[in-house]
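Okay, so here's the structure we're looking at.
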Amino acid sequence: MSEMFYWQALNRAMDAEMAADETVLTLGEDVGLYGGTYRVTEGLMAKYGEWRVRDTPISENSFTGLGVGAAMLGLRPVVEIMTINFALFAMDAIVNMAAKIPFMSGGQFPMPLTIRMPGGVAKQLGAQHSQRLEHMLMNVPGLRMVVPATPQDAYWQLRQAIRSDDPVIVLEHELLYFSKGRVDEMVPAPPIHQAVVRRRGRDITCVAYSRMLPLALQAAETLAAEGIELTVIDLRSLSPIDWNTCIAAVEQTHRCLIVEEDCRFAGAGAEFAATLQEHCFYLLDAPIRRLAGMDIPTPFNGTLEAASIPRADDIVQAARQMMARKEAAR
Amino acid sequence: MRFCRKKAMDKTQMAAMLRDMLRARAFEEAAAQAYAQGHIAGFLHLYPGEEAVAVGVLHAAEPGDYVVSTYREHVHALVRGIPARQIMAELHGKKTGISGGMGGSMHLFDKDRRFLGGYAIVGETFPIALGAGYAVAYRKLPEAVLCFFGDGAVNQGTFHESLNMAALWKLPIFFICENNHYQIGTEIHRHSAITEVYKRACAYGIPAEKADGMNVIAVHEAAERALERIRAGEGPQFLELETYRYRGHSMADSGSYRPNAELNAYQANDPIAAAVHEAEYPYPGIEAVAAASANSVTRFADHCCQEGHLDDATVERMRREVQEEVADAVTFAEQSAAPDMEDAWKAFHRNRRFETLMEVAR
């Protein structure tokens, strides 16, 4: 067990899988000599050589498609797309190819492909570099997507993704790469798609993922001081979603607050809310509430940028309002 | 003499290619008929006119090579060795189809025969072949990857991206352009600034050649040359084959935008008729020899000596046999069971070996 950055955990996971299995390779822009934009592939080229750690030209569609073709021949490629914004160029490879081939071939071709990329709003990178596009990929049957929020999960889930015979998107977050946490490489991992309750409380179930998780936990601390107790669920996976863990929590709290960085309209949280109300309607004391990114391209100005997505204080406010209504209803 | 070649092709191979061309034509005509009768639905893109391309190229390939094809791929699959029954059943959407009825006409896949699929999005065969070529090179194997595409596909970004990477890493990929001069209804002079497609390969330093795609032997020879270079470690090769489709883009397209004179000209240059003509070519009479120049007489004589000849009866027998094979495939397809939803889920979940996914409690 050791304390490390999120990027280091990913780096350790890559190294472990590459050492264990010769069919594992990684490719992408600047993953080799440069060591990866966020240092995730640092040191790997020196250790494994250029055929296993391949610097590519700026050709997202074709190098992601290369991963698909190589996976069809039994390799286990890990494609790094520098950010999810560039993955829009690779949507054909991801949606039309990786997600379809195993099925269209009648199950003949497994697709042991992992696509790693960061998404989310970082620090004033402008509208083209600050997108949350998870909802697009959630809506594609055949793809699976994990959203690790901690270094430990980054380590586990990347290793599990590489071992999966289905295509898995590992959606990282630009602001999480330099977050620190404990990583135990020896502890067996929970199932890749299982949600985890990070904190238990009686009043509200807060469903979060990726960078919204630390914010939700921070808000829960503040609220606990006021006597409002949050259960905080870290979804860990957006496709599939571990509904059972969510439902079980809502059964206890009867209130549910969804916190997402994704834009509100038709965003990831819309799916959470819809499915949870189908299953929990009679358990709920209040409508499910969503805190989400504003439906606006991300402004460059730092203050506006910060205001365009949920902050810890927004979560605190929302929870207070939900509890105030509870008091009023009494 | 139309067919001119440096080395002799043996009688068996000539006959095998002719048979495959006849099979291809018969198969596609039967598919068209089944479509017209309402037994096949969806898109159906047929190959008549282009047979020399698939047959000439695939007869030059080894069983260990990989094939990546487009949505006009029935014939590639057939020549590659996928049984006509399984292809026809897939066209009919049946459980016995090569893709279990989950793919359809445009998505034939056969892992055993290294047929990496038919792709319905123009330009997708490049990255798939790129990945397959990368995997072959990664393992240092002597296999090649055959990548088919049409003239319309060369204006997609993936063409340029993939050719660049293939050349950069010297991958064993054989790029084969089936230039039928039309991207659906837009003729090549209206969709490409450079209409001699093979010249584009030069931008990436990939050796490229152009051959007559209506001439199966010319295709075969060019393909053999390219594959030899690939196996010698010379990296990707490019072959443009000028050909023509006699039908519209798909069954939903009459092809009426094409001038009759053009269609007639290509039909007069029918690759099957040419192959039959070639296979059956009788020893020239005195008059024919006299009418030919010295040079062509020599070539003629070489050809007649070096090749065994087929006769009319043999070709007729071939025609009958392929008709029977195709008729059997149609019956098989019609009589096969349809897949059910459970089969669909089974195909979808087949590769989840390591984990069970979260099911919602009901």
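By convention in this document, the chains of the structure tokens carry letters A, B, ... by their order, each chain's residues are numbered from 1, and ligands are numbered from 1 in the order they are shown.
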Contacts of Met4 (chain A) within 10 Å, only C-alpha atoms, excl. fewer than 4 positions in-chain, as a VMD selection string: chain A and resid 8 to 9 151 to 152 178 to 183
Starting from chain B, keep only residues with some atom at most 7 Å from an atom of chain A, counting only C-alpha atoms, and report them as a PyMOL selection string. chain B and resi 99-100+102-103+107-109+111+127-132+134-135+138+158+161-162+347-348+350-352+354+357-358+360-361
Excluding same-chain residues fewer than 6 positions from Gln323 (chain B), what lies within 12 Å of it counting only C-alpha atoms, as a ChimeraX atom specification? /B:19-20,22-30,84,316-317,329-330
Mind checking which residues fall within 8 Å of region 51-65 of chain B, counting only C-alpha atoms, ignoring those fewer than 3 positions away in the same chain, and posting them as a compact mmCIF listing (two decimals) with N, CA and C atoms, in the first residue's frame?
# COMPACT_ATOMS: atom_id res chain seq x y z
N MET B 17 -10.32 -19.94 -61.18
CA MET B 17 -10.71 -18.53 -61.22
C MET B 17 -11.98 -18.35 -62.04
N ASP B 20 -14.92 -19.42 -60.01
CA ASP B 20 -15.29 -18.45 -58.99
C ASP B 20 -15.99 -17.24 -59.59
N MET B 21 -15.57 -16.85 -60.77
CA MET B 21 -16.25 -15.71 -61.41
C MET B 21 -17.68 -16.09 -61.78
N ALA B 24 -19.67 -16.23 -58.60
CA ALA B 24 -19.94 -14.88 -58.12
C ALA B 24 -21.12 -14.28 -58.85
N ARG B 25 -21.10 -14.40 -60.18
CA ARG B 25 -22.18 -13.82 -60.98
C ARG B 25 -23.50 -14.51 -60.64
N TYR B 47 -22.40 -7.13 -57.08
CA TYR B 47 -21.03 -7.09 -57.59
C TYR B 47 -20.88 -7.34 -59.09
N PRO B 48 -21.93 -7.76 -59.82
CA PRO B 48 -21.70 -8.08 -61.22
C PRO B 48 -20.94 -6.99 -61.98
N VAL B 75 -19.08 -11.27 -52.69
CA VAL B 75 -18.18 -12.03 -53.56
C VAL B 75 -16.80 -12.22 -52.91
N HIS B 76 -16.35 -11.22 -52.19
CA HIS B 76 -15.09 -11.40 -51.47
C HIS B 76 -15.22 -12.57 -50.50
N VAL B 79 -15.46 -15.95 -52.48
CA VAL B 79 -14.18 -16.38 -53.05
C VAL B 79 -13.20 -16.75 -51.92
N ARG B 80 -13.38 -16.11 -50.80
CA ARG B 80 -12.52 -16.40 -49.66
C ARG B 80 -12.81 -17.80 -49.10
N ARG B 113 -11.89 -18.04 -41.39
CA ARG B 113 -11.29 -17.76 -42.69
C ARG B 113 -10.62 -16.39 -42.73
N ARG B 114 -10.46 -15.82 -41.57
CA ARG B 114 -9.78 -14.53 -41.42
C ARG B 114 -10.45 -13.44 -42.25
N GLU B 143 2.16 -12.90 -42.61
CA GLU B 143 0.84 -12.74 -43.23
C GLU B 143 0.66 -11.34 -43.80
N ALA B 144 -0.32 -11.24 -44.70
CA ALA B 144 -0.66 -9.93 -45.26
C ALA B 144 -2.12 -9.62 -44.94
N VAL B 145 -2.45 -8.34 -44.98
CA VAL B 145 -3.83 -7.92 -44.77
C VAL B 145 -4.32 -7.28 -46.05
N LEU B 146 -5.40 -7.81 -46.60
CA LEU B 146 -5.96 -7.28 -47.83
C LEU B 146 -7.08 -6.32 -47.50
N GLU B 178 -11.07 -0.79 -55.63
CA GLU B 178 -12.00 -1.23 -56.68
C GLU B 178 -12.60 0.05 -57.26
N GLY B 213 -9.03 -3.86 -64.18
CA GLY B 213 -9.90 -4.62 -63.27
C GLY B 213 -10.94 -5.45 -63.97
N MET B 214 -10.97 -5.41 -65.28
CA MET B 214 -11.91 -6.26 -66.01
C MET B 214 -11.19 -7.51 -66.52
N ASN B 215 -9.92 -7.61 -66.20
CA ASN B 215 -9.09 -8.68 -66.74
C ASN B 215 -8.51 -9.47 -65.57
N VAL B 216 -9.08 -10.63 -65.36
CA VAL B 216 -8.76 -11.38 -64.14
C VAL B 216 -7.28 -11.76 -64.06
N ILE B 217 -6.69 -12.03 -65.19
CA ILE B 217 -5.29 -12.44 -65.14
C ILE B 217 -4.39 -11.25 -64.84
N ALA B 218 -4.73 -10.12 -65.42
CA ALA B 218 -3.95 -8.91 -65.12
C ALA B 218 -4.06 -8.58 -63.63
N VAL B 219 -5.27 -8.74 -63.09
CA VAL B 219 -5.48 -8.48 -61.66
C VAL B 219 -4.66 -9.45 -60.83
N HIS B 220 -4.75 -10.70 -61.19
CA HIS B 220 -4.06 -11.74 -60.44
C HIS B 220 -2.56 -11.51 -60.43
N GLU B 221 -2.04 -11.17 -61.56
CA GLU B 221 -0.59 -10.94 -61.65
C GLU B 221 -0.16 -9.74 -60.82
N ALA B 223 -1.69 -8.54 -58.29
CA ALA B 223 -1.86 -8.87 -56.87
C ALA B 223 -0.70 -9.74 -56.38
N GLU B 224 -0.31 -10.68 -57.20
CA GLU B 224 0.82 -11.54 -56.81
C GLU B 224 2.09 -10.74 -56.61
N LEU B 227 1.79 -8.80 -53.35
CA LEU B 227 1.89 -9.66 -52.17
C LEU B 227 3.32 -10.17 -51.98
N LEU B 241 -7.64 -0.91 -59.36
CA LEU B 241 -8.21 -1.76 -60.40
C LEU B 241 -9.42 -1.04 -60.98
N THR B 243 -12.66 -0.86 -62.78
CA THR B 243 -13.69 -1.84 -63.04
C THR B 243 -15.03 -1.12 -63.18
N PRO B 271 -16.02 -9.07 -67.86
CA PRO B 271 -14.86 -9.85 -67.40
C PRO B 271 -15.10 -11.36 -67.45
N ILE B 272 -16.36 -11.77 -67.29
CA ILE B 272 -16.61 -13.21 -67.34
C ILE B 272 -16.52 -13.71 -68.78
I need the residues of region 190-349 of chain B that end up classed as alpha helix (DSSP H) by DSSP on the backbone, written out as an mmCIF file with N, CA and C atoms, in the first residue's frame.
data_model
loop_
_atom_site.group_PDB
_atom_site.id
_atom_site.type_symbol
_atom_site.label_atom_id
_atom_site.label_comp_id
_atom_site.auth_asym_id
_atom_site.auth_seq_id
_atom_site.Cartn_x
_atom_site.Cartn_y
_atom_site.Cartn_z
ATOM 1 N N ARG B 190 -16.323 14.015 -60.793
ATOM 2 C CA ARG B 190 -17.052 15.000 -59.999
ATOM 3 C C ARG B 190 -16.779 14.826 -58.511
ATOM 4 N N HIS B 191 -16.049 13.769 -58.104
ATOM 5 C CA HIS B 191 -15.765 13.639 -56.668
ATOM 6 C C HIS B 191 -14.278 13.653 -56.327
ATOM 7 N N VAL B 216 -9.075 -10.631 -65.356
ATOM 8 C CA VAL B 216 -8.756 -11.375 -64.137
ATOM 9 C C VAL B 216 -7.275 -11.761 -64.055
ATOM 10 N N ILE B 217 -6.694 -12.032 -65.191
ATOM 11 C CA ILE B 217 -5.286 -12.443 -65.139
ATOM 12 C C ILE B 217 -4.387 -11.247 -64.836
ATOM 13 N N ALA B 218 -4.729 -10.116 -65.424
ATOM 14 C CA ALA B 218 -3.950 -8.908 -65.119
ATOM 15 C C ALA B 218 -4.065 -8.585 -63.632
ATOM 16 N N VAL B 219 -5.267 -8.739 -63.089
ATOM 17 C CA VAL B 219 -5.485 -8.477 -61.660
ATOM 18 C C VAL B 219 -4.658 -9.447 -60.832
ATOM 19 N N HIS B 220 -4.750 -10.699 -61.193
ATOM 20 C CA HIS B 220 -4.062 -11.739 -60.441
ATOM 21 C C HIS B 220 -2.562 -11.506 -60.433
ATOM 22 N N GLU B 221 -2.039 -11.169 -61.561
ATOM 23 C CA GLU B 221 -0.588 -10.944 -61.649
ATOM 24 C C GLU B 221 -0.155 -9.740 -60.820
ATOM 25 N N ALA B 222 -0.940 -8.688 -60.926
ATOM 26 C CA ALA B 222 -0.584 -7.478 -60.163
ATOM 27 C C ALA B 222 -0.673 -7.771 -58.669
ATOM 28 N N ALA B 223 -1.688 -8.543 -58.285
ATOM 29 C CA ALA B 223 -1.859 -8.871 -56.866
ATOM 30 C C ALA B 223 -0.704 -9.743 -56.378
ATOM 31 N N GLU B 224 -0.314 -10.678 -57.199
ATOM 32 C CA GLU B 224 0.818 -11.538 -56.809
ATOM 33 C C GLU B 224 2.087 -10.736 -56.609
ATOM 34 N N ARG B 225 2.302 -9.802 -57.527
ATOM 35 C CA ARG B 225 3.500 -8.954 -57.404
ATOM 36 C C ARG B 225 3.469 -8.167 -56.103
ATOM 37 N N ALA B 226 2.317 -7.591 -55.813
ATOM 38 C CA ALA B 226 2.211 -6.769 -54.600
ATOM 39 C C ALA B 226 2.411 -7.629 -53.361
ATOM 40 N N LEU B 227 1.787 -8.797 -53.353
ATOM 41 C CA LEU B 227 1.888 -9.660 -52.170
ATOM 42 C C LEU B 227 3.318 -10.172 -51.976
ATOM 43 N N GLU B 228 3.978 -10.413 -53.083
ATOM 44 C CA GLU B 228 5.389 -10.821 -52.979
ATOM 45 C C GLU B 228 6.216 -9.740 -52.297
ATOM 46 N N ARG B 229 5.966 -8.507 -52.693
ATOM 47 C CA ARG B 229 6.723 -7.398 -52.093
ATOM 48 C C ARG B 229 6.387 -7.260 -50.607
ATOM 49 N N ILE B 230 5.122 -7.453 -50.287
ATOM 50 C CA ILE B 230 4.738 -7.359 -48.870
ATOM 51 C C ILE B 230 5.447 -8.443 -48.069
ATOM 52 N N ARG B 231 5.451 -9.649 -48.607
ATOM 53 C CA ARG B 231 6.072 -10.759 -47.869
ATOM 54 C C ARG B 231 7.593 -10.644 -47.818
ATOM 55 N N ASN B 260 -26.069 5.285 -71.116
ATOM 56 C CA ASN B 260 -26.188 3.935 -71.674
ATOM 57 C C ASN B 260 -24.933 3.504 -72.402
ATOM 58 N N ALA B 261 -24.361 4.454 -73.109
ATOM 59 C CA ALA B 261 -23.178 4.114 -73.914
ATOM 60 C C ALA B 261 -22.066 3.590 -73.020
ATOM 61 N N GLU B 262 -21.957 4.200 -71.832
ATOM 62 C CA GLU B 262 -20.902 3.791 -70.900
ATOM 63 C C GLU B 262 -21.161 2.369 -70.397
ATOM 64 N N LEU B 263 -22.408 2.136 -69.975
ATOM 65 C CA LEU B 263 -22.775 0.816 -69.471
ATOM 66 C C LEU B 263 -22.567 -0.241 -70.564
ATOM 67 N N ASN B 264 -23.031 0.089 -71.759
ATOM 68 C CA ASN B 264 -22.883 -0.857 -72.869
ATOM 69 C C ASN B 264 -21.420 -1.173 -73.150
ATOM 70 N N ALA B 265 -20.610 -0.140 -73.082
ATOM 71 C CA ALA B 265 -19.184 -0.336 -73.374
ATOM 72 C C ALA B 265 -18.574 -1.298 -72.369
ATOM 73 N N TYR B 266 -18.930 -1.111 -71.100
ATOM 74 C CA TYR B 266 -18.363 -2.002 -70.091
ATOM 75 C C TYR B 266 -18.960 -3.406 -70.188
ATOM 76 N N GLN B 267 -20.224 -3.459 -70.554
ATOM 77 C CA GLN B 267 -20.821 -4.792 -70.708
ATOM 78 C C GLN B 267 -20.183 -5.544 -71.873
ATOM 79 N N ALA B 268 -19.809 -4.794 -72.873
ATOM 80 C CA ALA B 268 -19.120 -5.424 -74.005
ATOM 81 C C ALA B 268 -17.761 -5.955 -73.560
ATOM 82 N N PRO B 271 -16.016 -9.070 -67.859
ATOM 83 C CA PRO B 271 -14.855 -9.853 -67.399
ATOM 84 C C PRO B 271 -15.100 -11.357 -67.455
ATOM 85 N N ILE B 272 -16.359 -11.772 -67.287
ATOM 86 C CA ILE B 272 -16.612 -13.213 -67.337
ATOM 87 C C ILE B 272 -16.519 -13.711 -68.775
ATOM 88 N N ALA B 273 -17.155 -12.957 -69.655
ATOM 89 C CA ALA B 273 -17.065 -13.344 -71.057
ATOM 90 C C ALA B 273 -15.590 -13.402 -71.481
ATOM 91 N N ALA B 274 -14.831 -12.423 -70.995
ATOM 92 C CA ALA B 274 -13.409 -12.379 -71.352
ATOM 93 C C ALA B 274 -12.679 -13.589 -70.799
ATOM 94 N N ALA B 275 -13.022 -13.948 -69.555
ATOM 95 C CA ALA B 275 -12.343 -15.099 -68.946
ATOM 96 C C ALA B 275 -12.728 -16.392 -69.645
ATOM 97 N N VAL B 276 -14.013 -16.488 -70.000
ATOM 98 C CA VAL B 276 -14.451 -17.681 -70.735
ATOM 99 C C VAL B 276 -13.719 -17.753 -72.074
ATOM 100 N N HIS B 277 -13.696 -16.606 -72.703
ATOM 101 C CA HIS B 277 -13.037 -16.502 -73.995
ATOM 102 C C HIS B 277 -11.581 -16.958 -73.870
ATOM 103 N N GLU B 278 -10.975 -16.458 -72.790
ATOM 104 C CA GLU B 278 -9.574 -16.802 -72.545
ATOM 105 C C GLU B 278 -9.411 -18.296 -72.286
ATOM 106 N N ALA B 279 -10.278 -18.806 -71.428
ATOM 107 C CA ALA B 279 -10.148 -20.205 -71.031
ATOM 108 C C ALA B 279 -10.417 -21.131 -72.200
ATOM 109 N N GLU B 280 -11.312 -20.678 -73.055
ATOM 110 C CA GLU B 280 -11.731 -21.550 -74.152
ATOM 111 C C GLU B 280 -10.918 -21.329 -75.423
ATOM 112 N N ILE B 286 -5.313 -20.790 -89.348
ATOM 113 C CA ILE B 286 -4.268 -20.208 -90.204
ATOM 114 C C ILE B 286 -4.560 -18.737 -90.485
ATOM 115 N N GLU B 287 -5.852 -18.466 -90.700
ATOM 116 C CA GLU B 287 -6.232 -17.079 -91.021
ATOM 117 C C GLU B 287 -5.954 -16.149 -89.848
ATOM 118 N N ALA B 288 -6.304 -16.627 -88.658
ATOM 119 C CA ALA B 288 -6.093 -15.794 -87.471
ATOM 120 C C ALA B 288 -4.604 -15.521 -87.271
ATOM 121 N N VAL B 289 -3.837 -16.537 -87.473
ATOM 122 C CA VAL B 289 -2.386 -16.360 -87.320
ATOM 123 C C VAL B 289 -1.873 -15.381 -88.366
ATOM 124 N N ALA B 290 -2.395 -15.537 -89.537
ATOM 125 C CA ALA B 290 -1.952 -14.668 -90.628
ATOM 126 C C ALA B 290 -2.365 -13.227 -90.370
ATOM 127 N N ALA B 291 -3.547 -13.062 -89.776
ATOM 128 C CA ALA B 291 -4.051 -11.708 -89.542
ATOM 129 C C ALA B 291 -3.304 -11.015 -88.413
ATOM 130 N N ALA B 294 3.438 -10.491 -86.021
ATOM 131 C CA ALA B 294 4.386 -11.512 -85.588
ATOM 132 C C ALA B 294 4.422 -11.591 -84.084
ATOM 133 N N ASN B 295 4.418 -10.395 -83.493
ATOM 134 C CA ASN B 295 4.505 -10.335 -82.058
ATOM 135 C C ASN B 295 3.354 -11.049 -81.370
ATOM 136 N N SER B 296 2.160 -10.740 -81.810
ATOM 137 C CA SER B 296 1.020 -11.356 -81.156
ATOM 138 C C SER B 296 0.922 -12.838 -81.468
ATOM 139 N N VAL B 297 1.424 -13.218 -82.563
ATOM 140 C CA VAL B 297 1.437 -14.654 -82.869
ATOM 141 C C VAL B 297 2.308 -15.380 -81.853
ATOM 142 N N THR B 298 3.467 -14.782 -81.614
ATOM 143 C CA THR B 298 4.364 -15.391 -80.634
ATOM 144 C C THR B 298 3.653 -15.503 -79.288
ATOM 145 N N ARG B 299 3.037 -14.411 -78.915
ATOM 146 C CA ARG B 299 2.351 -14.408 -77.618
ATOM 147 C C ARG B 299 1.242 -15.439 -77.592
ATOM 148 N N PHE B 300 0.520 -15.471 -78.678
ATOM 149 C CA PHE B 300 -0.570 -16.416 -78.826
ATOM 150 C C PHE B 300 -0.054 -17.851 -78.661
ATOM 151 N N ALA B 301 0.994 -18.099 -79.345
ATOM 152 C CA ALA B 301 1.548 -19.445 -79.331
ATOM 153 C C ALA B 301 2.031 -19.813 -77.934
ATOM 154 N N ASP B 302 2.727 -18.854 -77.314
ATOM 155 C CA ASP B 302 3.188 -19.064 -75.939
ATOM 156 C C ASP B 302 2.022 -19.443 -75.056
ATOM 157 N N HIS B 303 1.021 -18.608 -75.178
ATOM 158 C CA HIS B 303 -0.152 -18.791 -74.350
ATOM 159 C C HIS B 303 -0.754 -20.176 -74.557
ATOM 160 N N CYS B 304 -0.943 -20.535 -75.797
ATOM 161 C CA CYS B 304 -1.601 -21.806 -76.088
ATOM 162 C C CYS B 304 -0.763 -23.004 -75.661
ATOM 163 N N CYS B 305 0.518 -22.821 -75.716
ATOM 164 C CA CYS B 305 1.380 -23.922 -75.291
ATOM 165 C C CYS B 305 1.393 -24.033 -73.780
ATOM 166 N N GLN B 306 1.496 -22.877 -73.165
ATOM 167 C CA GLN B 306 1.704 -22.904 -71.729
ATOM 168 C C GLN B 306 0.439 -23.207 -70.948
ATOM 169 N N ASP B 312 -15.772 -25.860 -74.487
ATOM 170 C CA ASP B 312 -17.147 -25.400 -74.268
ATOM 171 C C ASP B 312 -17.892 -26.244 -73.257
ATOM 172 N N ALA B 313 -17.765 -27.532 -73.418
ATOM 173 C CA ALA B 313 -18.532 -28.459 -72.573
ATOM 174 C C ALA B 313 -18.144 -28.284 -71.111
ATOM 175 N N THR B 314 -16.853 -28.112 -70.878
ATOM 176 C CA THR B 314 -16.392 -27.942 -69.495
ATOM 177 C C THR B 314 -16.969 -26.666 -68.894
ATOM 178 N N VAL B 315 -16.939 -25.598 -69.666
ATOM 179 C CA VAL B 315 -17.475 -24.328 -69.166
ATOM 180 C C VAL B 315 -18.972 -24.463 -68.903
ATOM 181 N N GLU B 316 -19.653 -25.108 -69.793
ATOM 182 C CA GLU B 316 -21.090 -25.318 -69.605
ATOM 183 C C GLU B 316 -21.361 -26.103 -68.328
ATOM 184 N N ARG B 317 -20.524 -27.113 -68.113
ATOM 185 C CA ARG B 317 -20.693 -27.919 -66.910
ATOM 186 C C ARG B 317 -20.470 -27.050 -65.664
ATOM 187 N N MET B 318 -19.453 -26.200 -65.747
ATOM 188 C CA MET B 318 -19.194 -25.270 -64.640
ATOM 189 C C MET B 318 -20.404 -24.400 -64.377
ATOM 190 N N ARG B 319 -20.954 -23.862 -65.410
ATOM 191 C CA ARG B 319 -22.121 -22.977 -65.252
ATOM 192 C C ARG B 319 -23.254 -23.709 -64.550
ATOM 193 N N ARG B 320 -23.471 -24.944 -64.986
ATOM 194 C CA ARG B 320 -24.541 -25.738 -64.369
ATOM 195 C C ARG B 320 -24.259 -25.970 -62.889
ATOM 196 N N GLU B 321 -23.009 -26.314 -62.622
ATOM 197 C CA GLU B 321 -22.653 -26.627 -61.233
ATOM 198 C C GLU B 321 -22.804 -25.413 -60.309
ATOM 199 N N VAL B 322 -22.384 -24.264 -60.784
ATOM 200 C CA VAL B 322 -22.507 -23.097 -59.909
ATOM 201 C C VAL B 322 -23.973 -22.707 -59.729
ATOM 202 N N GLN B 323 -24.758 -22.899 -60.773
ATOM 203 C CA GLN B 323 -26.199 -22.626 -60.642
ATOM 204 C C GLN B 323 -26.801 -23.530 -59.579
ATOM 205 N N GLU B 324 -26.389 -24.783 -59.609
ATOM 206 C CA GLU B 324 -26.903 -25.748 -58.618
ATOM 207 C C GLU B 324 -26.474 -25.341 -57.214
ATOM 208 N N GLU B 325 -25.214 -24.951 -57.107
ATOM 209 C CA GLU B 325 -24.694 -24.550 -55.793
ATOM 210 C C GLU B 325 -25.486 -23.363 -55.244
ATOM 211 N N VAL B 326 -25.739 -22.401 -56.121
ATOM 212 C CA VAL B 326 -26.435 -21.195 -55.690
ATOM 213 C C VAL B 326 -27.902 -21.504 -55.384
ATOM 214 N N ALA B 327 -28.504 -22.325 -56.206
ATOM 215 C CA ALA B 327 -29.909 -22.692 -55.958
ATOM 216 C C ALA B 327 -30.020 -23.412 -54.616
ATOM 217 N N ASP B 328 -29.065 -24.262 -54.345
ATOM 218 C CA ASP B 328 -29.040 -24.968 -53.063
ATOM 219 C C ASP B 328 -28.887 -23.965 -51.905
ATOM 220 N N ALA B 329 -28.042 -22.962 -52.116
ATOM 221 C CA ALA B 329 -27.837 -21.950 -51.077
ATOM 222 C C ALA B 329 -29.129 -21.191 -50.801
ATOM 223 N N VAL B 330 -29.855 -20.875 -51.872
ATOM 224 C CA VAL B 330 -31.114 -20.137 -51.709
ATOM 225 C C VAL B 330 -32.124 -20.998 -50.947
ATOM 226 N N THR B 331 -32.230 -22.260 -51.327
ATOM 227 C CA THR B 331 -33.159 -23.156 -50.626
ATOM 228 C C THR B 331 -32.781 -23.261 -49.148
ATOM 229 N N PHE B 332 -31.486 -23.433 -48.916
ATOM 230 C CA PHE B 332 -30.988 -23.533 -47.541
ATOM 231 C C PHE B 332 -31.378 -22.284 -46.751
ATOM 232 N N ALA B 333 -31.149 -21.131 -47.364
ATOM 233 C CA ALA B 333 -31.445 -19.863 -46.678
ATOM 234 C C ALA B 333 -32.933 -19.762 -46.389
ATOM 235 N N GLU B 334 -33.736 -20.093 -47.387
ATOM 236 C CA GLU B 334 -35.193 -19.972 -47.205
ATOM 237 C C GLU B 334 -35.699 -20.899 -46.115
ATOM 238 N N GLN B 335 -35.106 -22.093 -46.062
ATOM 239 C CA GLN B 335 -35.611 -23.088 -45.122
ATOM 240 C C GLN B 335 -35.024 -22.960 -43.717
ATOM 241 N N MET B 341 -34.807 -13.396 -30.212
ATOM 242 C CA MET B 341 -34.179 -12.348 -29.392
ATOM 243 C C MET B 341 -33.130 -12.941 -28.456
ATOM 244 N N GLU B 342 -33.376 -14.158 -28.034
ATOM 245 C CA GLU B 342 -32.413 -14.802 -27.153
ATOM 246 C C GLU B 342 -31.066 -15.007 -27.877
ATOM 247 N N ASP B 343 -31.154 -15.350 -29.159
ATOM 248 C CA ASP B 343 -29.920 -15.495 -29.945
ATOM 249 C C ASP B 343 -29.184 -14.157 -30.024
ATOM 250 N N ALA B 344 -29.972 -13.091 -30.151
ATOM 251 C CA ALA B 344 -29.355 -11.761 -30.242
ATOM 252 C C ALA B 344 -28.608 -11.454 -28.944
ATOM 253 N N TRP B 345 -29.248 -11.714 -27.822
ATOM 254 C CA TRP B 345 -28.585 -11.440 -26.541
ATOM 255 C C TRP B 345 -27.371 -12.332 -26.353
ATOM 256 N N LYS B 346 -27.494 -13.545 -26.826
ATOM 257 C CA LYS B 346 -26.363 -14.480 -26.690
ATOM 258 C C LYS B 346 -25.155 -13.965 -27.485
ATOM 259 N N ALA B 347 -25.424 -13.511 -28.695
ATOM 260 C CA ALA B 347 -24.329 -12.957 -29.513
ATOM 261 C C ALA B 347 -23.724 -11.732 -28.825
ATOM 262 N N PHE B 348 -24.584 -10.952 -28.227
ATOM 263 C CA PHE B 348 -24.162 -9.706 -27.589
ATOM 264 C C PHE B 348 -23.288 -9.983 -26.356
ATOM 265 N N HIS B 349 -23.627 -11.015 -25.629
ATOM 266 C CA HIS B 349 -22.933 -11.304 -24.366
ATOM 267 C C HIS B 349 -21.818 -12.329 -24.491
#
Separation of CA of Pro287 (chain A) and CA of Ala274 (chain A), in Å?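 Between CA of Pro287 (chain A) and CA of Ala274 (chain A) the gap is 11.0 Å.
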So how many Å separate CA of Asn155 (chain B) and CA of Phe126 (chain B), to one decimal?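 If I compute the distance from CA of Asn155 (chain B) to CA of Phe126 (chain B), I get 11.9 Å.
Between CA of Ala273 (chain A) and CA of Ala324 (chain A) the interatomic distance comes to 21.1 Å.
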Check region 203-275 of chain A with DSSP on the backbone and list each residue it calls strand (DSSP E or B), as a count of residues only. 21
Excluding Gly118 (chain B) and its own-chain neighbours fewer than 6 positions away, which residues fall within 8 Å of it when counting only C-alpha atoms? Please give them as number ranges by chain. B: 68-73, 106-109
Looking at A:Tyr6, A:Gln124, A:Pro148, A:Tyr34, which one is nearest to Asn301 (chain A), with distances taken over only C-alpha atoms? A:Gln124
